[in-house]
Amino acid sequence: MRRLTAVAVFLLVLTGAFSYLLRFYSRRLENFTGRAQWIWASVQISRNEPVVFFAARDFDLPETRQFAHLKIFADPEYALYLNGRQIAARRAEGTAHLDLYDVSPLVRTGRNRIVVAVHSTNGVGGLIAGLDIANEVENWVVTDRSWRIFRAWNDVLPLRDAGPFRPPMLLGTPPVGRWDYLVPKEATFDPAVQHVVEAKQAIEYRARIPTVRIVEGVAVATERAVRATAFDFGFTSGRVRFSLIGDNPVPPVIQYRLANVREEFNVVESRIRSTAFGAGERSVTDPEQHRFRYVIVFGGRARVEVLQ
């Protein structure tokens with residue numbers, strides 16, 4: 001009887017140890033960002049207010065590196081700067097992977113600088129990144145408390161610190177929340193802008209857009225009337241850039257949608273996009289390529305151009 005009990009205990013311990021090792025090594029295989037932390041600006045996320053910040057990190061690279069592969073993901077939207085140059089911008093909508101960039105040609109031995117501009121219209125999101133420099137040296141640089149969070153944009157920020165900064169708020173290492181573990185997927189740099197296209201005409205009208213009102217503590221879906229401007233570019237494609245007109249003491253959120261025919265001007269639907277401006281920002285570019293005729297801006301005034 002004692003022998004059977006001992007065998008049962010041994011099998012139980014062996015099963016537990018195997019299960020632990022399986023979870024441990026499975027987690028290592030899934031976690032491509034190592035000790036990297038999800039970071040965010042130090043804000044009260046529950047306030048549901050727009051948040052724009054610029055995360056910066058200076059780092060040194062050894063001459064003996066084999067390559068430089070940058071893995072990055074930011075929810076909901078980011079623009080990536082490396083050594084003073086904007087190289088890419090992405091929107092996380094509908095994606096669940098790390099963007100993997102081969103930045104080997106853009107880095108140098110010694111000091112380098114990365115800046116990530118993050119835009120969130122509702123204040124919720126996360127940023128994570130890791131830089132590999134050899135097959136055996138992964139995550140040489142990771143998002144952690146050493147990064148600096150700037151809440152205001154300055155044109156020299158991609159090259160050096162400018163203005164006050166704070167440490168980031170740490171959200172934890174993967175898996176966290178809805179992001180879980182992210183797998184790298186090869187990404188390419190944004191092409192250089194060859195042409196800036198101006199609108200052929202601007203058509204002003206009154207539109208109705210979806211909104212939510214709180215009635216006696218209950219959220220009610222309804223509509224509201226707003227001023228709208230439809231910028232007519234003819235049928236074209238490219239990325240849409242919004243530039244502020246006049247001085248805005250509070251950085252605005254621009255609501256907009258794309259359309260192909262005028263019959264769509266008064267369609268009330270939920271596919272309205274939005275983008276938030278940060279303090280000091282005069283223009284913001286939609287990171288996605290689109291094909292369209294009209295860009296309709298609701299409410300606030302902005303100049304609209306198409307980058308090709």
# chains A, B, ... in the order shown; residues from 1 in each chain; ligands from 1
>>> select_by_dssp(residues="stretch 158-227 of chain A", states="strand (DSSP E or B)", output="MDAnalysis selection string")
chainID A and resid 166 169:172 176 180 183:186 196:198 201:215 218:227
>>> residues_around(residues="A:Gly177", least_positions_apart="4", cutoff="12 Å", atoms="only C-alpha atoms", output="VMD selection string")
chain A and resid 38 124 to 126 171 to 173 181 to 182
>>> residues_around(residues="A:Asn112", least_positions_apart="6", cutoff="7 Å", atoms="only C-alpha atoms", output="list in words")
Asp58, Phe59, Asp60 and Asn83 of chain A
>>> write_last_selection(atoms="N, CA, C and O atoms", output="compact mmCIF listing (two decimals), in the first residue's frame")
# COMPACT_ATOMS: atom_id res chain seq x y z
N ASP A 58 16.96 56.94 -26.32
CA ASP A 58 18.31 56.93 -26.89
C ASP A 58 18.98 55.63 -26.48
O ASP A 58 18.82 55.17 -25.34
N PHE A 59 19.74 55.04 -27.40
CA PHE A 59 20.40 53.76 -27.09
C PHE A 59 21.68 53.64 -27.91
O PHE A 59 21.84 54.26 -28.97
N ASP A 60 22.60 52.83 -27.39
CA ASP A 60 23.88 52.59 -28.06
C ASP A 60 23.87 51.20 -28.69
O ASP A 60 23.33 50.25 -28.12
N ASN A 83 16.38 57.95 -35.74
CA ASN A 83 17.49 58.86 -36.04
C ASN A 83 17.04 60.04 -36.89
O ASN A 83 17.66 60.42 -37.88
>>> closest_residue(among="A:Val218, A:Val176, A:Ala134, A:Ala230", to="A:Thr64", atoms="only C-alpha atoms")
A:Ala134
>>> residues_around(residues="A:Ala129", least_positions_apart="4", cutoff="6 Å", atoms="only C-alpha atoms", output="mmCIF file with N, CA and C atoms, in the first residue's frame")
data_model
loop_
_atom_site.group_PDB
_atom_site.id
_atom_site.type_symbol
_atom_site.label_atom_id
_atom_site.label_comp_id
_atom_site.auth_asym_id
_atom_site.auth_seq_id
_atom_site.Cartn_x
_atom_site.Cartn_y
_atom_site.Cartn_z
ATOM 1 N N LYS A 71 10.968 45.223 -33.548
ATOM 2 C CA LYS A 71 9.609 44.688 -33.406
ATOM 3 C C LYS A 71 8.801 45.704 -32.613
ATOM 4 N N ILE A 72 7.645 46.091 -33.154
ATOM 5 C CA ILE A 72 6.869 47.139 -32.483
ATOM 6 C C ILE A 72 5.382 46.953 -32.748
ATOM 7 N N VAL A 142 14.347 47.457 -25.156
ATOM 8 C CA VAL A 142 12.930 47.140 -24.996
ATOM 9 C C VAL A 142 12.207 48.326 -24.368
ATOM 10 N N THR A 143 10.907 48.346 -24.535
ATOM 11 C CA THR A 143 10.097 49.348 -23.847
ATOM 12 C C THR A 143 10.052 49.017 -22.356
#
>>> atom_distance(atom1="atom CA of A:Trp153", atom2="atom CA of A:Arg273")
22.5 Å
>>> select_by_dssp(residues="stretch 28-183 of chain A", states="helix (DSSP H, G or I)", output="PyMOL selection string")
chain A and resi 28-30+45-47+104-106+177-179
>>> write_last_selection(atoms="N, CA, C and O atoms", output="short mmCIF file (atom, residue, chain, number, x, y, z; two decimals), in the first residue's frame")
data_model
loop_
_atom_site.label_atom_id
_atom_site.label_comp_id
_atom_site.auth_asym_id
_atom_site.auth_seq_id
_atom_site.Cartn_x
_atom_site.Cartn_y
_atom_site.Cartn_z
N ARG A 28 7.98 30.95 -23.46
CA ARG A 28 9.20 31.52 -24.03
C ARG A 28 9.13 31.53 -25.55
O ARG A 28 9.60 32.46 -26.19
N LEU A 29 8.55 30.48 -26.14
CA LEU A 29 8.44 30.44 -27.59
C LEU A 29 7.45 31.48 -28.10
O LEU A 29 7.60 32.00 -29.20
N GLU A 30 6.41 31.76 -27.31
CA GLU A 30 5.40 32.72 -27.74
C GLU A 30 5.82 34.16 -27.49
O GLU A 30 5.34 35.08 -28.16
N ILE A 45 -6.97 56.39 -17.56
CA ILE A 45 -7.55 55.80 -18.77
C ILE A 45 -9.07 55.82 -18.72
O ILE A 45 -9.74 55.99 -19.74
N SER A 46 -9.65 55.68 -17.55
CA SER A 46 -11.11 55.60 -17.43
C SER A 46 -11.82 56.90 -17.81
O SER A 46 -13.05 56.91 -17.98
N ARG A 47 -11.09 57.99 -18.00
CA ARG A 47 -11.72 59.26 -18.34
C ARG A 47 -12.18 59.31 -19.79
O ARG A 47 -12.91 60.21 -20.19
N SER A 104 18.49 47.80 -40.17
CA SER A 104 19.95 47.71 -40.22
C SER A 104 20.59 48.87 -40.99
O SER A 104 21.61 49.42 -40.55
N PRO A 105 20.03 49.27 -42.15
CA PRO A 105 20.67 50.37 -42.89
C PRO A 105 20.51 51.75 -42.24
O PRO A 105 21.19 52.69 -42.64
N LEU A 106 19.62 51.85 -41.25
CA LEU A 106 19.30 53.17 -40.69
C LEU A 106 19.96 53.43 -39.34
O LEU A 106 19.89 54.56 -38.83
N GLY A 177 -4.06 41.73 -21.17
CA GLY A 177 -5.34 42.11 -21.74
C GLY A 177 -5.65 41.45 -23.07
O GLY A 177 -5.35 40.28 -23.31
N ARG A 178 -6.22 42.23 -23.97
CA ARG A 178 -6.65 41.70 -25.26
C ARG A 178 -5.50 41.42 -26.20
O ARG A 178 -5.68 40.77 -27.23
N TRP A 179 -4.29 41.89 -25.86
CA TRP A 179 -3.17 41.73 -26.78
C TRP A 179 -2.54 40.34 -26.71
O TRP A 179 -1.98 39.87 -27.69
#
>>> residues_around(residues="A:Ala74", least_positions_apart="6", cutoff="8 Å", atoms="only C-alpha atoms", output="number ranges by chain")
A: 91-92, 118, 125-128
>>> residues_around(residues="A:Phe54", least_positions_apart="3", cutoff="12 Å", atoms="only C-alpha atoms", output="PyMOL selection string")
chain A and resi 39-41+51+57+74+77-81+114-120+127+147-155+157-158+161-168+277-281
